[in-house]
Each structure stands twice: as C-alpha cells, then as structure tokens.
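**Q** Pasting in a structure now, in structure tokens, and then I'll have a few things to ask.
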Amino acid sequence: MTAPVTTDSDLDEAPPADQGGRDAVPRYGLLAVAAALVVGLVLGYAGGLLTPTLTRPGENSAEAGFARDMTAHHNQAVAMGLLAFDQGQDPEVRQVGVDIATGQQGEIGTMQTWLRSWKLDPTGEQAPMAWMPDGAGLVKDGLMPGMATPEEMAKLRAASGREFDVLFLQMMIRHHIGGVHMIDGILDEGSDDDVLAVAQTMKNTQQNDLTNLSAALKRLGGTA
Amino acid sequence: MSISTPGGPERRPTVVSTGKKPAAGRPAAADKPAAKAGSGKAGGGKGTPRPGAGGKGRKPVAPVKVSQGRSWGPIALFVAVGVLAVGIIGVGAWAVYQGGQPWQKRAEAIDGIVDYRAKDKDLVKGGNHQAGAIKYDITPPVGGPHNQAWQNCMGDVYDAPIANEHAVHSLEHGTVWITYRPDLPADQVEKLRSKVQGKEKMMLSPFEGLDKPISLQAWGYQLKVDNADDGRIDDFIKTLRVNASIEGPNALCDQGVTATGTTPRDNLQNTMPQQPTQ
C-alpha cells in the first residue's frame, strides 16, 4: 500500500522542496501513534487500578451479606463445637465437635478476610439474611436458620453425659441444615468465583457432617 | 524473517536475495515481482516514509499522500478517549475515597463519641490479665487490665449487671457492649435487645449509676445517648464492632462467663458447668 518501491538506500539525500509537507504527515502520524500509546497506557493502568474497586462486591452485595451472616452463623457452631469437645461423653461427639469448631473458625477467617479486601466493615447494617431472597422471613428473634436460642444454648451448657451428646447432635444437625440453606442462597445469588468455590466446600463439609451426625444420633438412640 | 527487520534498508537486500540478487534492488522498482517482495519487507519493517522521500521526487510516493489537512476524526477520537479516561479516573478516585475511609476516621466523625485511644496511645496494645476487683477511671470502662475470663459476648442479653473485669476483656475481643440505666423503659430496652441478640461481638446489660440512659462501649471508645432510637447507636456498632478488636476478628466470644453479677470470677471452674465424670 505504501510506496515501498523507493527502498533504495543511496537515495537518501536532499529531498525535493515539496517534501516538507509530505514529511509533516508522517511526523504527525507518529505523534498520533505516540499519543494513542500514552492514552492507551494511562487508560490501561487506570483501568487495571480501578477495576477491582468498581467490580469487587459492595456493601449490599449478596457476597458481603453472606460473609457477614455466615460469620455469625459459624460463630455459634464454633461455640457448640467447643462445648462438645469440652463436655461431650461420646468420643465421636467430642471429635466431631472440635473438628467443626476449628474448621468453621478457619472459614470465619476466610470470610472476614474477604470483607477486609473488599474494603467493607466486618459487620453490616442490613437485617440478617437480607441478601437472600425471602431470607428475612427466615429470621426469628434475630436468629438465622438453624441457630439455637439463648435458652437452648444455656440448656446445652448445663447438660452432661448422654443427654449432652444427644442434645448437641440434635442442635448441630439443625444448625447445619440451616447453614446449608444459606450456602445454597449464595450459590444461587453470588457471582464471585472465590466465594462460590469456598461456599461449595462449606456445603460439602456440612453435608458430610450431617450424614455422620445423623448416624451418631441414631447410634446413641436419639431422634432428630 | 524477523531478524532482518532491525537491520533496516541495508539488510533488506540479503533477505530479498531469496528471490533476487542484491543488485536487483534498484531495478526492482520497475519489476513487478520484486516490488511485491520489497513492499512486503518495507511494510513490516517501518522506515518506509524516509526512503520514500528519496524517490528522486517523482512517481509512486505521490499516491500515498493520504492526509492533506488535519484529520479531525482521530483528533476527536483522542479527545473523546482522553475525556473518558479522566472521567473513569475521577469516578474511581471518588469511589476509593468514599469507601476507603478507615474505620478510625469514621468513628471520629460520630457526633459525641469519646476516643480514649487518642488520649492514651498505649491503649491499642491491649490490656493485661489481673485477678480480683479492678478500679476503672472511666465508667463504664472502655479498656485496661481485665480478668483472664471474658464475658460471653455472643449477642448475649444480660438482665442484670455484669462484672467490668470480664466485660473489658470482651471489649478487647472486639465487642460492642451496650449498657443502660436500670430505669430505662422496657420498650427502649427491647429496642436495644433487638440490636444485640443473635449477633456475635455484641452484648447488653444494665449498669448502675450511668449519667446518661444509654452508654455504648468499644475498646477505647464510648458514646452516651439519651434514647434507643438515636441513629448514632447503629453508627457506633457498624463502625466499631469487630473493627475495634485488639485481637482481630477471630477472638472468641463464647467459652466465657455467662453468669451475671458485678464481682469478677477468678476461679472459672466454679462458673463453668460440671465436667462429665468419666
């Protein structure tokens, strides 16, 4: 397309008079290319800088709601798990208790780190479960699905022996069923890949737990 | 192929040599196939304009003259893109500023809040464990030494006063402790209860001798208000709950003292449920 015919190197000298105008054209072209490069780089840099800010989950996102609410939900499971480790009589109850306590405390750390990296507060002003469609209706007295009331927690604290074991298993089964329901909520509503992956892991863990908790409850002669 | 490009015009002949001898360079101008080869080379290797200029003034360069005056199209495009870039940067900067305000700044902005961390720089280091009754200068206390056992702060609602020595330990773990004068009307207490129940790192208890009906404490911060409907209560909770923790968000709130009473319990075993006898 361009005029390549004149590639001869010995023709370099003294361009004719009318060259001036023609020379300016390519120089202008170079300037334009340089300007485009600069603008492009600035845009690219700014875009790269700002994209995480503008695309990370916001204050009222399902991801933030899940991270905050599941932190609260997990906190009670940790409390129950530590009680089981401390007060349980059945070896499996003690074992499963400490497993749930440490596992869910670790997940709390993950969720809190998300919120931090999203530049959000660890807690929100929204009502519990507001991020989930029809979620608010599942909250009773500030308690999310499956959570034990203060009275139930007090009863668990006061229990011992087989009574404790059965009560713990019943309460933790209910707690996990509620937890899985919330996890399903974020799996439906969420779009952040990391959140979805962690949520899926949580669900797998809790569903396995549910199988084992139910079997243990049956073994101890309790009813769900 | 690509190795030849840096060489520029001088190198070209050697590359062209696949088809023609170096000597063919000039005649190539007239020669169809050679011109083709040359054009491919020149296009790939830039520098086309300069050699073009040398063309003895005549012929093929002229048709190339695409841009005679200014081409406003690209200019407008660049301006538009530039404006867009500035706009994006502006919006982003604004968003960052808005969202990135650290919680300490937002705490400062709460009307009437007292920031004891500003007065005592060492407060942020936390406090030591200390047995027995401890005298606190600030009432209700907002930090300092405390009992080794914390008050359970899993959204616990206590209907009787609790021991400062345990409560301060809960503050260190990131709890917002709401206290109210025992004469606060029941409907007001109910409103406070709804802000606490089921929320870890929160606890509520009556407190004798408050100079205001309601007082909120976080580690190093205090806010006193007259009414449970005061919007600053939610601001205080949102800004300081967990954030004010000296030990981060993983500090425990369960496994603490669940009993009420203002005397600290040094022998925790007495307050804990009986261990199962093995």
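Letters A, B, ... mark the chains of the structure tokens in the order given; residue numbers begin at 1 per chain; ligand numbers begin at 1, in order shown.
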Find the residues around range 72-85 of chain B up to 7 Å (only C-alpha atoms counted), leave out those fewer than 3 positions away in its own chain, and share them as a list in words.
**A**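 My list of contacting residues is Val39 and Leu43 of chain A; Ile88 and Ile89 of chain B.
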**Q** Would you put the residues from that selection into a file with N, CA and C atoms, as an mmCIF file, in the first residue's frame?
**A**
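Result file selection-v1.cif:
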data_model
loop_
_atom_site.group_PDB
_atom_site.id
_atom_site.type_symbol
_atom_site.label_atom_id
_atom_site.label_comp_id
_atom_site.auth_asym_id
_atom_site.auth_seq_id
_atom_site.Cartn_x
_atom_site.Cartn_y
_atom_site.Cartn_z
ATOM 1 N N VAL A 39 -2.172 7.514 25.830
ATOM 2 C CA VAL A 39 -3.557 7.443 26.313
ATOM 3 C C VAL A 39 -3.928 5.999 26.632
ATOM 4 N N LEU A 43 -4.986 4.685 30.195
ATOM 5 C CA LEU A 43 -6.301 4.048 30.342
ATOM 6 C C LEU A 43 -6.153 2.644 30.922
ATOM 7 N N ILE B 88 -13.165 8.266 34.014
ATOM 8 C CA ILE B 88 -13.037 6.986 34.718
ATOM 9 C C ILE B 88 -12.150 7.151 35.951
ATOM 10 N N ILE B 89 -11.048 7.844 35.754
ATOM 11 C CA ILE B 89 -10.140 8.070 36.878
ATOM 12 C C ILE B 89 -10.856 8.838 37.989
#
**Q** Using only C-alpha atoms, which residues sit within 9 Å of Asp235 in chain B once same-chain residues fewer than 2 positions away are excluded, as number ranges by chain?
**A** A: 125; B: 106-107, 110, 231-233, 237-240
**Q** Name the residues in contact with range 155-168 of chain B at a cut-off of 7 Å, using only C-alpha atoms, excluding same-chain residues fewer than 4 positions from it; report them as a PyMOL selection string.
**A** chain B and resi 134+141-143+146-147+149-151+172+193+196-207+260-264
**Q** So that I have them on file, write out the residues from the current selection with N, CA and C atoms, as a CSV table (one decimal), in the first residue's frame.
**A**
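What ended up in again-v8.csv:
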chain,number,residue,atom,x,y,z
B,134,ILE,N,-11.0,-4.7,89.9
B,134,ILE,CA,-10.1,-3.7,89.3
B,134,ILE,C,-10.9,-2.3,89.3
B,141,PRO,N,-16.2,1.1,82.0
B,141,PRO,CA,-14.9,1.1,81.5
B,141,PRO,C,-14.8,0.8,80.0
B,142,VAL,N,-13.7,1.3,79.3
B,142,VAL,CA,-13.5,1.1,77.9
B,142,VAL,C,-12.2,0.4,77.5
B,143,GLY,N,-11.5,0.0,78.6
B,143,GLY,CA,-10.2,-0.7,78.3
B,143,GLY,C,-9.4,-0.8,79.5
B,146,HIS,N,-7.8,-6.5,82.8
B,146,HIS,CA,-9.1,-7.2,82.9
B,146,HIS,C,-8.9,-8.6,83.4
B,147,ASN,N,-9.9,-9.2,83.8
B,147,ASN,CA,-9.9,-10.6,84.2
B,147,ASN,C,-9.5,-11.5,83.1
B,149,ALA,N,-10.8,-14.2,82.2
B,149,ALA,CA,-12.0,-14.7,81.6
B,149,ALA,C,-12.8,-13.6,81.0
B,150,TRP,N,-13.3,-13.7,79.8
B,150,TRP,CA,-14.2,-12.7,79.3
B,150,TRP,C,-15.6,-13.0,79.5
B,151,GLN,N,-16.4,-12.0,79.4
B,151,GLN,CA,-17.9,-12.2,79.5
B,151,GLN,C,-18.3,-12.7,78.1
B,172,GLU,N,-11.9,-6.1,74.5
B,172,GLU,CA,-10.6,-6.3,73.8
B,172,GLU,C,-10.8,-7.3,72.6
B,193,ARG,N,-32.2,-4.6,72.8
B,193,ARG,CA,-32.1,-6.1,72.7
B,193,ARG,C,-32.1,-6.5,71.3
B,196,VAL,N,-28.8,-6.5,69.5
B,196,VAL,CA,-27.8,-7.4,70.1
B,196,VAL,C,-28.0,-8.9,69.9
B,197,GLN,N,-29.2,-9.3,70.1
B,197,GLN,CA,-29.5,-10.7,70.1
B,197,GLN,C,-29.1,-11.4,68.8
B,198,GLY,N,-28.4,-12.5,68.9
B,198,GLY,CA,-28.0,-13.3,67.7
B,198,GLY,C,-26.8,-12.7,67.0
B,199,LYS,N,-26.2,-11.7,67.6
B,199,LYS,CA,-25.1,-11.1,66.9
B,199,LYS,C,-23.8,-11.2,67.8
B,200,GLU,N,-22.9,-12.0,67.2
B,200,GLU,CA,-21.7,-12.2,68.0
B,200,GLU,C,-20.9,-10.9,68.1
B,201,LYS,N,-20.1,-10.7,69.1
B,201,LYS,CA,-19.4,-9.5,69.3
B,201,LYS,C,-20.3,-8.4,69.7
B,202,MET,N,-21.4,-8.8,70.4
B,202,MET,CA,-22.3,-7.8,70.9
B,202,MET,C,-22.8,-8.3,72.3
B,203,MET,N,-23.0,-7.4,73.2
B,203,MET,CA,-23.7,-7.8,74.5
B,203,MET,C,-24.3,-6.6,75.1
B,204,LEU,N,-25.3,-6.9,75.9
B,204,LEU,CA,-26.2,-5.8,76.5
B,204,LEU,C,-26.4,-6.1,78.0
B,205,SER,N,-26.2,-5.1,78.8
B,205,SER,CA,-26.5,-5.3,80.2
B,205,SER,C,-26.9,-4.0,80.9
B,206,PRO,N,-27.7,-4.0,82.0
B,206,PRO,CA,-28.0,-2.8,82.7
B,206,PRO,C,-26.7,-2.4,83.5
B,207,PHE,N,-26.6,-1.2,83.8
B,207,PHE,CA,-25.4,-0.7,84.5
B,207,PHE,C,-25.9,0.4,85.5
B,260,THR,N,-24.3,-13.5,85.5
B,260,THR,CA,-24.3,-12.0,85.8
B,260,THR,C,-23.7,-11.8,87.3
B,261,GLY,N,-23.7,-10.6,87.7
B,261,GLY,CA,-23.1,-10.3,89.0
B,261,GLY,C,-21.8,-9.4,88.8
B,262,THR,N,-21.6,-8.4,89.6
B,262,THR,CA,-20.5,-7.5,89.4
B,262,THR,C,-19.2,-7.9,90.0
B,263,THR,N,-19.2,-9.0,90.7
B,263,THR,CA,-17.9,-9.5,91.2
B,263,THR,C,-17.2,-10.4,90.2
B,264,PRO,N,-16.0,-10.1,89.9
B,264,PRO,CA,-15.3,-10.9,88.9
B,264,PRO,C,-15.0,-12.3,89.5
**Q** Neighbours of range 194-202 of chain A within 9 Å (only C-alpha atoms; same-chain residues fewer than 5 positions away dropped), as number ranges by chain?
**A** A: 63, 67, 104, 107, 110-111, 114, 180, 183-184, 186-187, 207
**Q** Generate a file of the selected residues that holds C-alpha atoms, formatted as a PDB file, in the first residue's frame.
**A**
ATOM      1  CA  GLU A  63     -21.350 -11.824  48.835  1.00  0.00           C
ATOM      2  CA  ALA A  67     -19.759 -13.346  54.528  1.00  0.00           C
ATOM      3  CA  GLN A 104     -15.623 -23.175  60.945  1.00  0.00           C
ATOM      4  CA  GLU A 107     -13.796 -20.294  57.489  1.00  0.00           C
ATOM      5  CA  THR A 110     -11.562 -16.529  55.243  1.00  0.00           C
ATOM      6  CA  MET A 111     -14.842 -14.636  55.177  1.00  0.00           C
ATOM      7  CA  TRP A 114     -12.834 -11.173  52.037  1.00  0.00           C
ATOM      8  CA  VAL A 180     -26.614 -25.447  54.011  1.00  0.00           C
ATOM      9  CA  ILE A 183     -24.937 -21.671  51.371  1.00  0.00           C
ATOM     10  CA  ASP A 184     -27.420 -22.623  48.669  1.00  0.00           C
ATOM     11  CA  ILE A 186     -25.068 -17.669  47.903  1.00  0.00           C
ATOM     12  CA  LEU A 187     -24.519 -20.400  45.329  1.00  0.00           C
ATOM     13  CA  GLN A 207     -23.384 -32.313  54.180  1.00  0.00           C
TER      14      GLN A 207
END
**Q** Go ahead and compute the interatomic distance for CA of His176 in chain A and CA of Glu247 in chain B, in Å to one decimal.
**A**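 So the two atoms, CA of His176 in chain A and CA of Glu247 in chain B, lie 27.8 Å apart.
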**Q** Determine which residues of range 83-116 of chain B DSSP labels as helix (DSSP H, G or I) from the backbone of this structure, then write them out as a PyMOL selection string.
**A** chain B and resi 83-99+103-108+116
**Q** Write to file, as a PDB file, in the first residue's frame, the residues of the selection just made, with C-alpha atoms.
**A**
ATOM      1  CA  VAL B  83     -12.110  12.758  28.436  1.00  0.00           C
ATOM      2  CA  LEU B  84     -13.362   9.271  29.057  1.00  0.00           C
ATOM      3  CA  ALA B  85     -10.092   8.340  30.730  1.00  0.00           C
ATOM      4  CA  VAL B  86     -10.216  11.368  33.004  1.00  0.00           C
ATOM      5  CA  GLY B  87     -13.829  10.550  33.794  1.00  0.00           C
ATOM      6  CA  ILE B  88     -13.037   6.986  34.718  1.00  0.00           C
ATOM      7  CA  ILE B  89     -10.140   8.070  36.878  1.00  0.00           C
ATOM      8  CA  GLY B  90     -12.324  10.652  38.558  1.00  0.00           C
ATOM      9  CA  VAL B  91     -15.137   8.257  39.311  1.00  0.00           C
ATOM     10  CA  GLY B  92     -12.694   5.671  40.563  1.00  0.00           C
ATOM     11  CA  ALA B  93     -10.873   8.117  42.785  1.00  0.00           C
ATOM     12  CA  TRP B  94     -14.150   9.254  44.251  1.00  0.00           C
ATOM     13  CA  ALA B  95     -15.245   5.698  44.929  1.00  0.00           C
ATOM     14  CA  VAL B  96     -11.928   4.875  46.533  1.00  0.00           C
ATOM     15  CA  TYR B  97     -12.114   7.941  48.727  1.00  0.00           C
ATOM     16  CA  GLN B  98     -15.673   7.224  49.787  1.00  0.00           C
ATOM     17  CA  GLY B  99     -15.232   3.547  50.504  1.00  0.00           C
ATOM     18  CA  TRP B 103     -12.980   2.989  60.402  1.00  0.00           C
ATOM     19  CA  GLN B 104     -10.987   5.173  62.781  1.00  0.00           C
ATOM     20  CA  LYS B 105     -11.844   8.208  60.672  1.00  0.00           C
ATOM     21  CA  ARG B 106     -15.483   7.236  60.554  1.00  0.00           C
ATOM     22  CA  ALA B 107     -15.507   6.691  64.299  1.00  0.00           C
ATOM     23  CA  GLU B 108     -14.137  10.189  64.819  1.00  0.00           C
ATOM     24  CA  TYR B 116      -9.842   7.346  74.585  1.00  0.00           C
TER      25      TYR B 116
END
**Q** Which of these residues is nearest to chain B, using only C-alpha atoms: A:Gln112, A:Ser191, A:Gln126, A:Ser61?
**A**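 Between A:Gln112, A:Ser191, A:Gln126, A:Ser61, the residue approaching chain B most closely is A:Gln112.
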**Q** Take CA of Met144 in chain A and CA of Met129 in chain A and report the distance between them in Å, one decimal.
**A**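 Separating CA of Met144 in chain A from CA of Met129 in chain A is a distance of 7.2 Å.
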**Q** To one decimal in Å, tell me the separation between CA of Lys203 in chain A and CA of Gln170 in chain A.
**A**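 Taking CA of Lys203 in chain A as the start and CA of Gln170 in chain A as the end point, the length is 18.7 Å.
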**Q** From the DSSP assignment of the backbone, select every residue of range 50-191 of chain B that is strand (DSSP E or B), and format the answer as number ranges by chain.
**A** B: 114-115, 129, 146, 151, 154-157, 162, 176-180
**Q** Just the residues within 12 Å of range 93-96 of chain A, please, counting only C-alpha atoms, with nothing from its chain fewer than 4 positions along; format it as a count of residues only.
**A** 43
